[in-house]
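A.B. asks: Supplied structure: structure-v8.pdb, PDB, C-alpha atoms.
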```pdb
ATOM      1  CA  MET A   1      22.365 -28.021   9.187  1.00  0.00           C
ATOM      2  CA  SER A   2      24.923 -30.021  11.068  1.00  0.00           C
ATOM      3  CA  ASP A   3      26.036 -29.248  14.625  1.00  0.00           C
ATOM      4  CA  GLN A   4      29.502 -28.213  13.457  1.00  0.00           C
ATOM      5  CA  ASN A   5      28.044 -25.048  11.841  1.00  0.00           C
ATOM      6  CA  TRP A   6      26.395 -23.950  15.084  1.00  0.00           C
ATOM      7  CA  GLY A   7      29.311 -24.083  17.551  1.00  0.00           C
ATOM      8  CA  PRO A   8      30.042 -21.161  19.876  1.00  0.00           C
ATOM      9  CA  GLY A   9      31.635 -18.287  18.029  1.00  0.00           C
ATOM     10  CA  GLN A  10      30.980 -19.850  14.636  1.00  0.00           C
ATOM     11  CA  PRO A  11      28.478 -18.230  12.269  1.00  0.00           C
ATOM     12  CA  SER A  12      25.910 -20.257  10.435  1.00  0.00           C
ATOM     13  CA  GLN A  13      26.112 -20.506   6.668  1.00  0.00           C
ATOM     14  CA  ASN A  14      23.237 -17.988   6.296  1.00  0.00           C
ATOM     15  CA  GLN A  15      24.706 -15.312   8.568  1.00  0.00           C
ATOM     16  CA  PRO A  16      27.903 -13.314   8.076  1.00  0.00           C
ATOM     17  CA  PRO A  17      30.548 -13.507  10.827  1.00  0.00           C
ATOM     18  CA  TYR A  18      30.068 -11.111  13.738  1.00  0.00           C
ATOM     19  CA  GLY A  19      30.968  -7.531  12.838  1.00  0.00           C
ATOM     20  CA  GLN A  20      30.623  -7.955   9.091  1.00  0.00           C
ATOM     21  CA  MET A  21      27.884  -6.525   6.900  1.00  0.00           C
ATOM     22  CA  PRO A  22      25.384  -8.921   5.355  1.00  0.00           C
ATOM     23  CA  PRO A  23      25.587  -9.192   1.580  1.00  0.00           C
ATOM     24  CA  MET A  24      23.804  -6.469  -0.382  1.00  0.00           C
ATOM     25  CA  PRO A  25      20.840  -7.417  -2.546  1.00  0.00           C
ATOM     26  CA  PRO A  26      21.594  -7.764  -6.258  1.00  0.00           C
ATOM     27  CA  GLN A  27      21.541  -4.657  -8.433  1.00  0.00           C
ATOM     28  CA  GLY A  28      18.021  -3.786  -9.554  1.00  0.00           C
ATOM     29  CA  TYR A  29      16.415  -5.573  -6.595  1.00  0.00           C
ATOM     30  CA  GLN A  30      12.882  -4.344  -5.906  1.00  0.00           C
ATOM     31  CA  PRO A  31      11.257  -5.032  -2.536  1.00  0.00           C
ATOM     32  CA  PRO A  32       8.093  -7.101  -2.800  1.00  0.00           C
ATOM     33  CA  THR A  33       4.957  -5.115  -3.510  1.00  0.00           C
ATOM     34  CA  PRO A  34       2.212  -5.179  -0.883  1.00  0.00           C
ATOM     35  CA  ALA A  35      -0.689  -7.561  -1.349  1.00  0.00           C
ATOM     36  CA  TYR A  36      -3.049  -4.579  -1.514  1.00  0.00           C
ATOM     37  CA  PRO A  37      -2.312  -1.141  -2.954  1.00  0.00           C
ATOM     38  CA  TYR A  38      -1.763   1.679  -0.465  1.00  0.00           C
ATOM     39  CA  ALA A  39      -4.623   4.120   0.031  1.00  0.00           C
ATOM     40  CA  THR A  40      -4.313   7.528  -1.569  1.00  0.00           C
ATOM     41  CA  TRP A  41      -3.687  10.602   0.548  1.00  0.00           C
ATOM     42  CA  ILE A  42      -6.981  12.188  -0.461  1.00  0.00           C
ATOM     43  CA  SER A  43      -8.967   9.082   0.555  1.00  0.00           C
ATOM     44  CA  ARG A  44      -7.287   9.223   3.984  1.00  0.00           C
ATOM     45  CA  VAL A  45      -8.147  12.916   4.333  1.00  0.00           C
ATOM     46  CA  LEU A  46     -11.772  12.380   3.305  1.00  0.00           C
ATOM     47  CA  ALA A  47     -12.110   9.441   5.730  1.00  0.00           C
ATOM     48  CA  SER A  48     -10.742  11.631   8.538  1.00  0.00           C
ATOM     49  CA  ILE A  49     -13.241  14.364   7.683  1.00  0.00           C
ATOM     50  CA  LEU A  50     -16.111  11.860   7.739  1.00  0.00           C
ATOM     51  CA  ASP A  51     -14.901  10.387  11.039  1.00  0.00           C
ATOM     52  CA  GLY A  52     -14.407  13.805  12.601  1.00  0.00           C
ATOM     53  CA  PHE A  53     -17.603  15.540  11.531  1.00  0.00           C
ATOM     54  CA  VAL A  54     -20.235  13.129  10.230  1.00  0.00           C
ATOM     55  CA  VAL A  55     -19.851  10.154  12.590  1.00  0.00           C
ATOM     56  CA  PRO A  56     -20.166  12.127  15.890  1.00  0.00           C
ATOM     57  CA  LEU A  57     -23.029  14.237  14.471  1.00  0.00           C
ATOM     58  CA  PRO A  58     -25.749  12.693  16.698  1.00  0.00           C
ATOM     59  CA  GLY A  59     -23.804  13.729  19.804  1.00  0.00           C
ATOM     60  CA  VAL A  60     -23.176  17.210  18.377  1.00  0.00           C
ATOM     61  CA  ILE A  61     -26.886  17.675  17.643  1.00  0.00           C
ATOM     62  CA  LEU A  62     -27.767  16.514  21.158  1.00  0.00           C
ATOM     63  CA  ALA A  63     -25.226  18.934  22.697  1.00  0.00           C
ATOM     64  CA  ILE A  64     -26.589  21.844  20.631  1.00  0.00           C
ATOM     65  CA  ILE A  65     -30.166  21.031  21.624  1.00  0.00           C
ATOM     66  CA  GLY A  66     -29.051  20.889  25.253  1.00  0.00           C
ATOM     67  CA  ALA A  67     -27.316  24.262  24.949  1.00  0.00           C
ATOM     68  CA  VAL A  68     -30.419  25.831  23.425  1.00  0.00           C
ATOM     69  CA  ILE A  69     -32.587  24.409  26.219  1.00  0.00           C
ATOM     70  CA  ALA A  70     -30.064  25.413  28.901  1.00  0.00           C
ATOM     71  CA  PHE A  71     -29.752  29.010  27.793  1.00  0.00           C
ATOM     72  CA  SER A  72     -33.297  29.697  26.606  1.00  0.00           C
ATOM     73  CA  GLY A  73     -35.084  31.870  29.084  1.00  0.00           C
ATOM     74  CA  SER A  74     -31.891  32.848  30.875  1.00  0.00           C
ATOM     75  CA  GLU A  75     -31.195  36.482  31.532  1.00  0.00           C
ATOM     76  CA  VAL A  76     -27.824  37.749  30.324  1.00  0.00           C
ATOM     77  CA  THR A  77     -26.330  40.783  32.061  1.00  0.00           C
ATOM     78  CA  THR A  78     -23.354  42.745  30.724  1.00  0.00           C
ATOM     79  CA  TYR A  79     -21.494  44.842  33.286  1.00  0.00           C
ATOM     80  CA  ASP A  80     -19.517  48.053  32.755  1.00  0.00           C
ATOM     81  CA  ASP A  81     -16.193  46.206  33.119  1.00  0.00           C
ATOM     82  CA  GLY A  82     -17.100  43.958  30.156  1.00  0.00           C
ATOM     83  CA  SER A  83     -17.935  40.843  32.158  1.00  0.00           C
ATOM     84  CA  VAL A  84     -21.062  38.866  31.348  1.00  0.00           C
ATOM     85  CA  SER A  85     -23.249  36.702  33.579  1.00  0.00           C
ATOM     86  CA  ALA A  86     -26.227  34.511  32.780  1.00  0.00           C
ATOM     87  CA  GLU A  87     -28.954  33.683  35.286  1.00  0.00           C
ATOM     88  CA  GLY A  88     -32.029  31.525  35.204  1.00  0.00           C
ATOM     89  CA  GLY A  89     -30.812  28.769  32.829  1.00  0.00           C
ATOM     90  CA  ASN A  90     -32.568  25.421  32.553  1.00  0.00           C
ATOM     91  CA  PRO A  91     -30.646  22.617  34.373  1.00  0.00           C
ATOM     92  CA  VAL A  92     -32.278  19.952  32.156  1.00  0.00           C
ATOM     93  CA  GLY A  93     -30.635  21.582  29.145  1.00  0.00           C
ATOM     94  CA  VAL A  94     -27.241  21.408  30.867  1.00  0.00           C
ATOM     95  CA  ILE A  95     -27.754  17.692  31.490  1.00  0.00           C
ATOM     96  CA  VAL A  96     -28.742  17.110  27.835  1.00  0.00           C
ATOM     97  CA  MET A  97     -25.679  19.096  26.714  1.00  0.00           C
ATOM     98  CA  VAL A  98     -23.344  17.017  28.920  1.00  0.00           C
ATOM     99  CA  VAL A  99     -24.941  13.793  27.633  1.00  0.00           C
ATOM    100  CA  GLY A 100     -24.345  15.011  24.050  1.00  0.00           C
ATOM    101  CA  ILE A 101     -20.686  15.766  24.767  1.00  0.00           C
ATOM    102  CA  LEU A 102     -20.264  12.360  26.409  1.00  0.00           C
ATOM    103  CA  ALA A 103     -21.944  10.742  23.379  1.00  0.00           C
ATOM    104  CA  ILE A 104     -19.430  12.443  21.050  1.00  0.00           C
ATOM    105  CA  PHE A 105     -16.537  11.029  23.083  1.00  0.00           C
ATOM    106  CA  LEU A 106     -18.005   7.517  23.263  1.00  0.00           C
ATOM    107  CA  ILE A 107     -18.762   7.458  19.526  1.00  0.00           C
ATOM    108  CA  GLU A 108     -15.166   8.494  18.770  1.00  0.00           C
ATOM    109  CA  VAL A 109     -13.722   5.814  21.077  1.00  0.00           C
ATOM    110  CA  TRP A 110     -15.985   3.132  19.591  1.00  0.00           C
ATOM    111  CA  ASN A 111     -15.175   4.173  16.006  1.00  0.00           C
ATOM    112  CA  LEU A 112     -11.421   4.851  16.262  1.00  0.00           C
ATOM    113  CA  VAL A 113     -10.422   2.244  18.852  1.00  0.00           C
ATOM    114  CA  PHE A 114     -12.801  -0.715  18.867  1.00  0.00           C
ATOM    115  CA  ARG A 115     -14.253  -0.687  15.348  1.00  0.00           C
ATOM    116  CA  GLN A 116     -10.981   0.206  13.626  1.00  0.00           C
ATOM    117  CA  GLY A 117      -8.987  -2.090  15.913  1.00  0.00           C
ATOM    118  CA  ASN A 118     -11.160  -5.125  15.230  1.00  0.00           C
ATOM    119  CA  THR A 119     -12.101  -4.598  11.561  1.00  0.00           C
ATOM    120  CA  GLY A 120      -9.364  -2.261  10.286  1.00  0.00           C
ATOM    121  CA  GLN A 121     -11.969   0.315   9.306  1.00  0.00           C
ATOM    122  CA  THR A 122     -13.642   3.278  10.925  1.00  0.00           C
ATOM    123  CA  LEU A 123     -17.004   4.203   9.427  1.00  0.00           C
ATOM    124  CA  GLY A 124     -15.295   6.860   7.283  1.00  0.00           C
ATOM    125  CA  LYS A 125     -12.712   4.363   6.041  1.00  0.00           C
ATOM    126  CA  LYS A 126     -15.438   1.816   5.300  1.00  0.00           C
ATOM    127  CA  TRP A 127     -17.412   4.361   3.262  1.00  0.00           C
ATOM    128  CA  LEU A 128     -14.256   5.168   1.251  1.00  0.00           C
ATOM    129  CA  GLY A 129     -13.042   1.576   0.888  1.00  0.00           C
ATOM    130  CA  ILE A 130      -9.757   1.825   2.812  1.00  0.00           C
ATOM    131  CA  SER A 131      -8.439  -0.109   5.791  1.00  0.00           C
ATOM    132  CA  VAL A 132      -5.687   0.121   8.436  1.00  0.00           C
ATOM    133  CA  ILE A 133      -3.675  -3.077   8.822  1.00  0.00           C
ATOM    134  CA  ARG A 134      -0.467  -4.216  10.472  1.00  0.00           C
ATOM    135  CA  GLU A 135       2.384  -3.915   8.033  1.00  0.00           C
ATOM    136  CA  SER A 136       3.899  -7.245   9.051  1.00  0.00           C
ATOM    137  CA  ASP A 137       0.971  -9.587   8.448  1.00  0.00           C
ATOM    138  CA  GLY A 138      -1.952  -7.602   7.015  1.00  0.00           C
ATOM    139  CA  VAL A 139      -4.419  -8.111   9.863  1.00  0.00           C
ATOM    140  CA  PRO A 140      -6.266  -5.348  11.767  1.00  0.00           C
ATOM    141  CA  LEU A 141      -4.312  -3.685  14.572  1.00  0.00           C
ATOM    142  CA  GLY A 142      -6.455  -4.713  17.522  1.00  0.00           C
ATOM    143  CA  PRO A 143      -7.987  -2.240  19.999  1.00  0.00           C
ATOM    144  CA  VAL A 144      -4.813  -1.613  22.039  1.00  0.00           C
ATOM    145  CA  MET A 145      -2.682  -0.679  19.028  1.00  0.00           C
ATOM    146  CA  ALA A 146      -5.590   1.281  17.521  1.00  0.00           C
ATOM    147  CA  LEU A 147      -5.750   3.284  20.765  1.00  0.00           C
ATOM    148  CA  LEU A 148      -1.982   3.878  20.612  1.00  0.00           C
ATOM    149  CA  ARG A 149      -2.317   4.937  16.968  1.00  0.00           C
ATOM    150  CA  TRP A 150      -5.091   7.395  17.913  1.00  0.00           C
ATOM    151  CA  ILE A 151      -3.019   8.837  20.784  1.00  0.00           C
ATOM    152  CA  MET A 152       0.075   9.172  18.568  1.00  0.00           C
ATOM    153  CA  MET A 153      -2.041  10.785  15.847  1.00  0.00           C
ATOM    154  CA  ALA A 154      -3.240  13.396  18.360  1.00  0.00           C
ATOM    155  CA  ILE A 155       0.265  14.041  19.729  1.00  0.00           C
ATOM    156  CA  LEU A 156       2.175  14.074  16.436  1.00  0.00           C
ATOM    157  CA  GLY A 157      -0.582  15.831  14.505  1.00  0.00           C
ATOM    158  CA  GLY A 158      -0.928  18.441  17.210  1.00  0.00           C
ATOM    159  CA  ALA A 159       2.817  19.002  17.456  1.00  0.00           C
ATOM    160  CA  CYS A 160       3.441  19.205  13.720  1.00  0.00           C
ATOM    161  CA  PHE A 161       0.951  19.329  10.866  1.00  0.00           C
ATOM    162  CA  LEU A 162       3.668  17.729   8.695  1.00  0.00           C
ATOM    163  CA  ASN A 163       2.530  14.385  10.151  1.00  0.00           C
ATOM    164  CA  TYR A 164      -0.612  14.571   8.003  1.00  0.00           C
ATOM    165  CA  LEU A 165       1.279  15.590   4.855  1.00  0.00           C
ATOM    166  CA  TRP A 166       3.962  12.894   5.155  1.00  0.00           C
ATOM    167  CA  PRO A 167       2.023  10.288   3.069  1.00  0.00           C
ATOM    168  CA  LEU A 168       2.323  12.581   0.045  1.00  0.00           C
ATOM    169  CA  TRP A 169       5.997  11.606  -0.423  1.00  0.00           C
ATOM    170  CA  ASP A 170       6.423   8.462   1.683  1.00  0.00           C
ATOM    171  CA  SER A 171       6.846   5.266  -0.335  1.00  0.00           C
ATOM    172  CA  LYS A 172       4.313   3.397   1.850  1.00  0.00           C
ATOM    173  CA  ARG A 173       2.086   6.495   2.226  1.00  0.00           C
ATOM    174  CA  GLN A 174       2.451   6.342   6.016  1.00  0.00           C
ATOM    175  CA  CYS A 175       1.971   9.147   8.515  1.00  0.00           C
ATOM    176  CA  TRP A 176       4.342   9.239  11.483  1.00  0.00           C
ATOM    177  CA  HIS A 177       1.690   7.715  13.741  1.00  0.00           C
ATOM    178  CA  ASP A 178       1.476   4.785  11.287  1.00  0.00           C
ATOM    179  CA  MET A 179       5.242   4.338  11.488  1.00  0.00           C
ATOM    180  CA  VAL A 180       5.118   4.232  15.302  1.00  0.00           C
ATOM    181  CA  VAL A 181       2.583   1.382  15.399  1.00  0.00           C
ATOM    182  CA  ARG A 182       3.844  -0.188  12.157  1.00  0.00           C
ATOM    183  CA  SER A 183       0.577   0.082  10.289  1.00  0.00           C
ATOM    184  CA  VAL A 184      -0.279   0.888   6.687  1.00  0.00           C
ATOM    185  CA  VAL A 185      -3.508   2.145   5.150  1.00  0.00           C
ATOM    186  CA  VAL A 186      -4.518   0.156   2.089  1.00  0.00           C
ATOM    187  CA  ARG A 187      -7.456  -0.057  -0.230  1.00  0.00           C
ATOM    188  CA  ALA A 188      -9.866  -2.524   1.359  1.00  0.00           C
ATOM    189  CA  ARG A 189     -10.091  -6.082   0.132  1.00  0.00           C
TER     190      ARG A 189
END
```
Output the structure of this file as structure tokens.

C.D. replies:
Amino acid sequence: MSDQNWGPGQPSQNQPPYGQMPPMPPQGYQPPTPAYPYATWISRVLASILDGFVVPLPGVILAIIGAVIAFSGSEVTTYDDGSVSAEGGNPVGVIVMVVGILAIFLIEVWNLVFRQGNTGQTLGKKWLGISVIRESDGVPLGPVMALLRWIMMAILGGACFLNYLWPLWDSKRQCWHDMVVRSVVVRAR
């Protein structure tokens, strides 16, 4: 374009003058379809179930074993006022239980932040063939945005269960936490 189209206060040929609406797309215009089809709601739910219950299972088993060790051989006393006390527990069992709980947390962080951030897939999503990608360019979110997505999922899902149902009627099948980080869940390549 020539310099005369770019003077101060003068719009370019591609932009409408300041304060005016851009032209509307032609009648019957359809936005471009995504390169990969969006994941179904049920596949997202099943992946969440796998990620929430199956993936952290080693840590859960370790915590249960620790609890059994900690409380085996302890003497439980119930008082007249309804209070209960336990004495004589095994401190090794408490340590094993704490290690199991820590393992659950670390497995979740690895799966939902680092694995999903770098590859687009948690283990549950990989098993079901779906992936989380940035809406703008189709690449995985990266660990920082995956962490933000996880935090927003906890906040919005905890505040309103509607967050998890939103993909049922959304055109891009996004939950609110997907909209915040501008991600979509698609069938894997």

A.B. asks: Report as a compact mmCIF listing (two decimals) with C-alpha atoms, keeping the file's coordinate frame the full result of the PyMOL selection byres ((chain A and resi 103-116) around 9) when it is applied to this structure.

C.D. replies:
```
# COMPACT_ATOMS: atom_id res chain seq x y z
CA ASP A 51 -14.90 10.39 11.04
CA GLY A 52 -14.41 13.80 12.60
CA VAL A 55 -19.85 10.15 12.59
CA PRO A 56 -20.17 12.13 15.89
CA LEU A 57 -23.03 14.24 14.47
CA PRO A 58 -25.75 12.69 16.70
CA GLY A 59 -23.80 13.73 19.80
CA VAL A 60 -23.18 17.21 18.38
CA LEU A 62 -27.77 16.51 21.16
CA ALA A 63 -25.23 18.93 22.70
CA VAL A 98 -23.34 17.02 28.92
CA VAL A 99 -24.94 13.79 27.63
CA GLY A 100 -24.34 15.01 24.05
CA ILE A 101 -20.69 15.77 24.77
CA LEU A 102 -20.26 12.36 26.41
CA GLY A 117 -8.99 -2.09 15.91
CA ASN A 118 -11.16 -5.12 15.23
CA THR A 119 -12.10 -4.60 11.56
CA GLY A 120 -9.36 -2.26 10.29
CA GLN A 121 -11.97 0.32 9.31
CA THR A 122 -13.64 3.28 10.92
CA LEU A 123 -17.00 4.20 9.43
CA LYS A 125 -12.71 4.36 6.04
CA SER A 131 -8.44 -0.11 5.79
CA VAL A 132 -5.69 0.12 8.44
CA PRO A 140 -6.27 -5.35 11.77
CA LEU A 141 -4.31 -3.68 14.57
CA GLY A 142 -6.46 -4.71 17.52
CA PRO A 143 -7.99 -2.24 20.00
CA VAL A 144 -4.81 -1.61 22.04
CA MET A 145 -2.68 -0.68 19.03
CA ALA A 146 -5.59 1.28 17.52
CA LEU A 147 -5.75 3.28 20.76
CA LEU A 148 -1.98 3.88 20.61
CA ARG A 149 -2.32 4.94 16.97
CA TRP A 150 -5.09 7.40 17.91
```

A.B. asks: Let me know the residues the PyMOL selection byres ((chain A and resi 66) around 6) catches in the file above, as a PyMOL selection string.

C.D. replies: chain A and resi 63-65+67-70+93-94+96-97

A.B. asks: Identify which of the residues A:Trp169, A:Trp176, A:Phe71, A:Phe53 lies closest to Ala154 of chain A, counting only C-alpha atoms when measuring atom-to-atom distances.

C.D. replies: A:Trp176

A.B. asks: Apply the PyMOL selection byres ((chain A and resi 185) around 10) to the structure shown and report the selected residues as a ChimeraX atom specification.

C.D. replies: /A:36-41,43-44,120-121,125,130-135,172-175,178,183-184,186-188

A.B. asks: Closest to Met153 of chain A among A:Ser48, A:Ser72, A:Ser136, A:Thr77, using all atoms listed in the file?

C.D. replies: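 Checking each candidate against Met153 of chain A, we get A:Ser48 as the closest.
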
A.B. asks: Rounded to one decimal, what separation in Å do you get between atom CA of Val181 of chain A and atom CA of Met152 of chain A?

C.D. replies: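 Atom-to-atom, atom CA of Val181 of chain A to atom CA of Met152 of chain A, that is 8.8 Å.
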
A.B. asks: Once you add 5 Å to each side, what are the centre and edge lengths of the axis-aligned box holding all listed atoms of segment 103-112 of chain A? One decimal in Å, as AutoDock Vina command-line options, if you can.

C.D. replies:
```
--center_x -16.7 --center_y 7.8 --center_z 19.7 --size_x 20.5 --size_y 19.3 --size_z 17.4
```

A.B. asks: What does the distance between atom CA of Gly73 of chain A and atom CA of Gly89 of chain A come to in Å, to one decimal place?

C.D. replies: 6.5 Å

A.B. asks: Using all atoms listed in the file for the distances, tell me which of A:Ala47, A:Gly157, A:Glu75, A:Trp127 is nearest to Asn90 of chain A.

C.D. replies: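 The shortest atom-to-atom distance to Asn90 of chain A comes from A:Glu75.
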
A.B. asks: Just the number, please: distance in Å from atom CA of Leu50 of chain A to atom CA of Gly124 of chain A, one decimal.

C.D. replies: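 Separating atom CA of Leu50 of chain A from atom CA of Gly124 of chain A is a distance of 5.1 Å.
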